[in-house]
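Engineer: To start, I am sharing the structure in question, which I have written as structure tokens.
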Amino acid sequence: MTDTDTWAMIDAERGEFCDLLDSLNDEQWNMQSLCDGWKVKHVAAHLLGGSTIGWGDGFMMLFKNGFNFNKATLRTAQHDGDTRSQAELVKACREHANDRTTPPMVKPLVSLNDNVVHQQDCRRPLGVARQIPEARLRAVLDEAAKTQPVLGNKKRVAGVQLCATDLDWTHGEGPDARGTGEALLMAMSGRKAALDDLTGDGVAILRAR
């Protein structure tokens, strides 16, 4: 898949997320997402930052947080989500939805994965399901399965065979964990809530991690 294909998917993913954000009431905007410490508004702020942050801002964000990536992203998302209104954030997200920018040292496919997973981080608690287009889902499943630095997906699913039940996709060897591609993606990404949607002997291994 070319970068052009990937960017087209990112454009679509960002646009769909903006539509979701636009539809939320105040209670939903402030609802807890699947990310610890992140409300829906914080996820929106984080994904906006992913399309606008440059090398200088990225370095300063890390420097102020002791070069701890998780702490830096959490604090930045919380600050931006708490200090900017819903209308302001949604407007900015739409304005930058088609930007060809990723955070420093992040390739477009990783950015696509980030956008898909974080949109589901909001949709699941909100109870607003969607059918992720198959090409988009397949692309992020392949990327998520091999991701190791920072997120640790590769180590999390080692020794387990992941089997999608709604598309032709498998990964790994060992006791199986079966479910929709979306549930497998979220489980690979460390979202424990998705484990309840999986079946098979491999689920216990994933749950223990």
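As shown in the structure tokens, the chain order sets the letters A, B, ...; within each chain, residues go from 1, and ligands are also counted from 1 in the order they appear.
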Which parts of chain A does DSSP call strand (DSSP E) when run on the backbone here, written out as a PyMOL selection string?

Structural biologist: chain A and resi 161-164+170-171+176-179

Engineer: Quick one: which segment 48-136 of chain A residues come within 9 Å of segment 186-193 of chain A, and what is the nearest atom pair for each with the distance in Å to one decimal, counting only C-alpha atoms, rows ordered by chain and ascending number, as a Markdown table?

Structural biologist:
```
| residue | atom | partner | partner_atom | distance |
| --- | --- | --- | --- | --- |
| A:Val117 | CA | A:Met186 | CA | 6.6 |
| A:Gln120 | CA | A:Met186 | CA | 7.9 |
| A:Asp121 | CA | A:Arg191 | CA | 8.4 |
| A:Arg124 | CA | A:Ala193 | CA | 8.9 |
```

Engineer: Would you please work out which residue, of A:Asp201, A:Glu182, A:Asp19, A:Glu95, is nearest to Asp166 of chain A when using only C-alpha atoms?

Structural biologist: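 Once distances to Asp166 of chain A are computed over only C-alpha atoms, the minimum belongs to A:Glu182.
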
Engineer: Please determine, counting only C-alpha atoms, which residue among A:Ser33, A:Thr199, A:Ser23, A:Thr4 has the shortest atom-to-atom distance to Leu126 of chain A.

Structural biologist: A:Ser33

Engineer: Within 6 Å of segment 80-89 of chain A, counting only C-alpha atoms, which residues show up once you throw out same-chain ones fewer than 2 positions away? Write them as an NGL selection string, please.

Structural biologist: :A and (41-42 or 45 or 77-78 or 91-92)

Engineer: Excluding same-chain residues fewer than 5 positions from Asp5 of chain A, what lies within 12 Å of it counting only C-alpha atoms, as number ranges by chain?

Structural biologist: A: 10-12, 108-109, 112, 135-136, 139

Engineer: How about saving the chosen residues, C-alpha atoms kept, as a short mmCIF file (atom, residue, chain, number, x, y, z; two decimals), in the first residue's frame?

Structural biologist:
```cif
data_model
loop_
_atom_site.label_atom_id
_atom_site.label_comp_id
_atom_site.auth_asym_id
_atom_site.auth_seq_id
_atom_site.Cartn_x
_atom_site.Cartn_y
_atom_site.Cartn_z
CA ILE A 10 -6.34 9.00 7.22
CA ASP A 11 -8.40 11.75 5.57
CA ALA A 12 -11.51 9.58 5.76
CA PRO A 108 1.61 7.66 7.95
CA LEU A 109 0.53 4.05 8.62
CA LEU A 112 -3.67 5.83 10.64
CA ALA A 135 -9.26 -2.06 3.68
CA ARG A 136 -8.68 0.42 6.49
CA ALA A 139 -4.12 -2.07 7.12
#
```

Engineer: Please, what distance in Å, to one decimal, runs between atom CA of Lys146 of chain A and atom CA of Thr170 of chain A?

Structural biologist: 12.9 Å
